[in-house]
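S.K.: Here you go, one structure.
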Amino acid sequence: MSSLLHSNSKNDREYLIAVKTEYKLLEKKFLKAKEKLDKWETRTSLAEEKGKTNLQTEAESQAEIFRSKINYLTDQLIGLKVEVEKAIRTIHISPQQQLSIDPNKLLTEMNNLIGDNNSLSLEKEIKIINVDNELEELKKKMES
């Protein structure tokens with residue numbers, strides 16, 4: 001039975017690593033899309049200043065494509081963040097061992113990158129996860 005528990009723990013850790021890896025890859029895609037959006041928004045402004053309406057329209061169209069991509073990637077990142085937290089809770093990693101994902105830091109970084117108004121709901125979700133983690137630790141202390 002000990003090897004079965006070790007195997008599950010190993011699988012949980014492998015899953016956590018896989019989810020975190022996917023998160024990092026998506027984060028890079030998000031940053032690239034953000035850079036391209038900034039470039040197209042700059043082009044839109046320049047075309048508007050020069051009175052080139054056909055170029056402005058094309059630049060706005062490209063900017064909208066990247067806005068959509070950023071919204072999609074943001075949703076994916078939030079979903080993966082929740083998966084990372086679930087995986088961490090599953091393998092019962094102590095707070096000292098949590099693998100470099102601080103929910104408050106992540107929320108701040110996301111707000112800085114996209115300035116999204118949905119941050120309040122994300123913040124509530126993260127607080128709920130933190131409360132669940134604290135309750136779990138309190139239960140463990142009370143059982144000891």
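Residues are referred to by chain and number: the chain letter is A, B, ... according to the order shown in the structure tokens, the number counts from 1 in that chain, and ligands are numbered separately from 1 in the order shown.
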Determine, counting only C-alpha atoms, which protein, DNA and RNA residues have an atom within 12 Å of an atom of Gly79 in chain A; residues of the same chain fewer than 4 positions away are not included. Present the result as number ranges by chain.

M.R.: A: 19-20, 22-23, 26, 72-75, 83-86, 122, 125-126

S.K.: Could those residues be written to a file, using N, CA and C atoms, as a PDB file, in the first residue's frame?

M.R.:
```pdb
ATOM      1  N   VAL A  19       0.862  20.854 -15.623  1.00  0.00           N
ATOM      2  CA  VAL A  19      -0.041  22.006 -15.645  1.00  0.00           C
ATOM      3  C   VAL A  19       0.752  23.301 -15.548  1.00  0.00           C
ATOM      4  N   LYS A  20       1.759  23.328 -14.686  1.00  0.00           N
ATOM      5  CA  LYS A  20       2.575  24.544 -14.549  1.00  0.00           C
ATOM      6  C   LYS A  20       3.351  24.825 -15.833  1.00  0.00           C
ATOM      7  N   GLU A  22       2.396  23.997 -18.888  1.00  0.00           N
ATOM      8  CA  GLU A  22       1.408  24.515 -19.840  1.00  0.00           C
ATOM      9  C   GLU A  22       1.077  25.977 -19.515  1.00  0.00           C
ATOM     10  N   TYR A  23       0.979  26.291 -18.232  1.00  0.00           N
ATOM     11  CA  TYR A  23       0.700  27.659 -17.799  1.00  0.00           C
ATOM     12  C   TYR A  23       1.801  28.607 -18.284  1.00  0.00           C
ATOM     13  N   LEU A  26       1.547  29.185 -22.039  1.00  0.00           N
ATOM     14  CA  LEU A  26       0.452  30.091 -22.350  1.00  0.00           C
ATOM     15  C   LEU A  26       0.779  31.526 -21.949  1.00  0.00           C
ATOM     16  N   TYR A  72      -8.999  35.233 -24.856  1.00  0.00           N
ATOM     17  CA  TYR A  72      -8.996  33.773 -24.835  1.00  0.00           C
ATOM     18  C   TYR A  72      -7.850  33.247 -23.951  1.00  0.00           C
ATOM     19  N   LEU A  73      -6.660  33.791 -24.151  1.00  0.00           N
ATOM     20  CA  LEU A  73      -5.508  33.339 -23.362  1.00  0.00           C
ATOM     21  C   LEU A  73      -5.684  33.659 -21.886  1.00  0.00           C
ATOM     22  N   THR A  74      -6.300  34.794 -21.580  1.00  0.00           N
ATOM     23  CA  THR A  74      -6.557  35.150 -20.181  1.00  0.00           C
ATOM     24  C   THR A  74      -7.465  34.117 -19.538  1.00  0.00           C
ATOM     25  N   ASP A  75      -8.524  33.734 -20.230  1.00  0.00           N
ATOM     26  CA  ASP A  75      -9.426  32.700 -19.709  1.00  0.00           C
ATOM     27  C   ASP A  75      -8.681  31.388 -19.483  1.00  0.00           C
ATOM     28  N   GLU A  83      -6.362  25.030 -11.773  1.00  0.00           N
ATOM     29  CA  GLU A  83      -5.873  23.650 -11.817  1.00  0.00           C
ATOM     30  C   GLU A  83      -4.591  23.483 -10.997  1.00  0.00           C
ATOM     31  N   VAL A  84      -3.707  24.466 -11.074  1.00  0.00           N
ATOM     32  CA  VAL A  84      -2.471  24.412 -10.286  1.00  0.00           C
ATOM     33  C   VAL A  84      -2.807  24.395  -8.798  1.00  0.00           C
ATOM     34  N   GLU A  85      -3.721  25.258  -8.386  1.00  0.00           N
ATOM     35  CA  GLU A  85      -4.108  25.298  -6.968  1.00  0.00           C
ATOM     36  C   GLU A  85      -4.729  23.975  -6.526  1.00  0.00           C
ATOM     37  N   LYS A  86      -5.565  23.386  -7.368  1.00  0.00           N
ATOM     38  CA  LYS A  86      -6.170  22.088  -7.038  1.00  0.00           C
ATOM     39  C   LYS A  86      -5.091  21.021  -6.899  1.00  0.00           C
ATOM     40  N   LEU A 122     -11.992  37.340  -9.867  1.00  0.00           N
ATOM     41  CA  LEU A 122     -10.815  36.487  -9.768  1.00  0.00           C
ATOM     42  C   LEU A 122     -10.233  36.567  -8.363  1.00  0.00           C
ATOM     43  N   GLU A 125     -12.263  34.518  -6.060  1.00  0.00           N
ATOM     44  CA  GLU A 125     -12.005  33.105  -6.282  1.00  0.00           C
ATOM     45  C   GLU A 125     -10.696  32.671  -5.616  1.00  0.00           C
ATOM     46  N   ILE A 126      -9.692  33.507  -5.734  1.00  0.00           N
ATOM     47  CA  ILE A 126      -8.398  33.198  -5.119  1.00  0.00           C
ATOM     48  C   ILE A 126      -8.507  33.219  -3.603  1.00  0.00           C
TER      49      ILE A 126
END
```

S.K.: Tell me which of A:Val131, A:Ala33, A:Leu77, A:Val82 sits closest to Gln62 in chain A, counting only C-alpha atoms.

M.R.: A:Ala33

S.K.: One number please: CA of Glu35 in chain A to CA of Phe66 in chain A, in Å, one decimal.

M.R.: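 These two atoms are separated by 9.4 Å.
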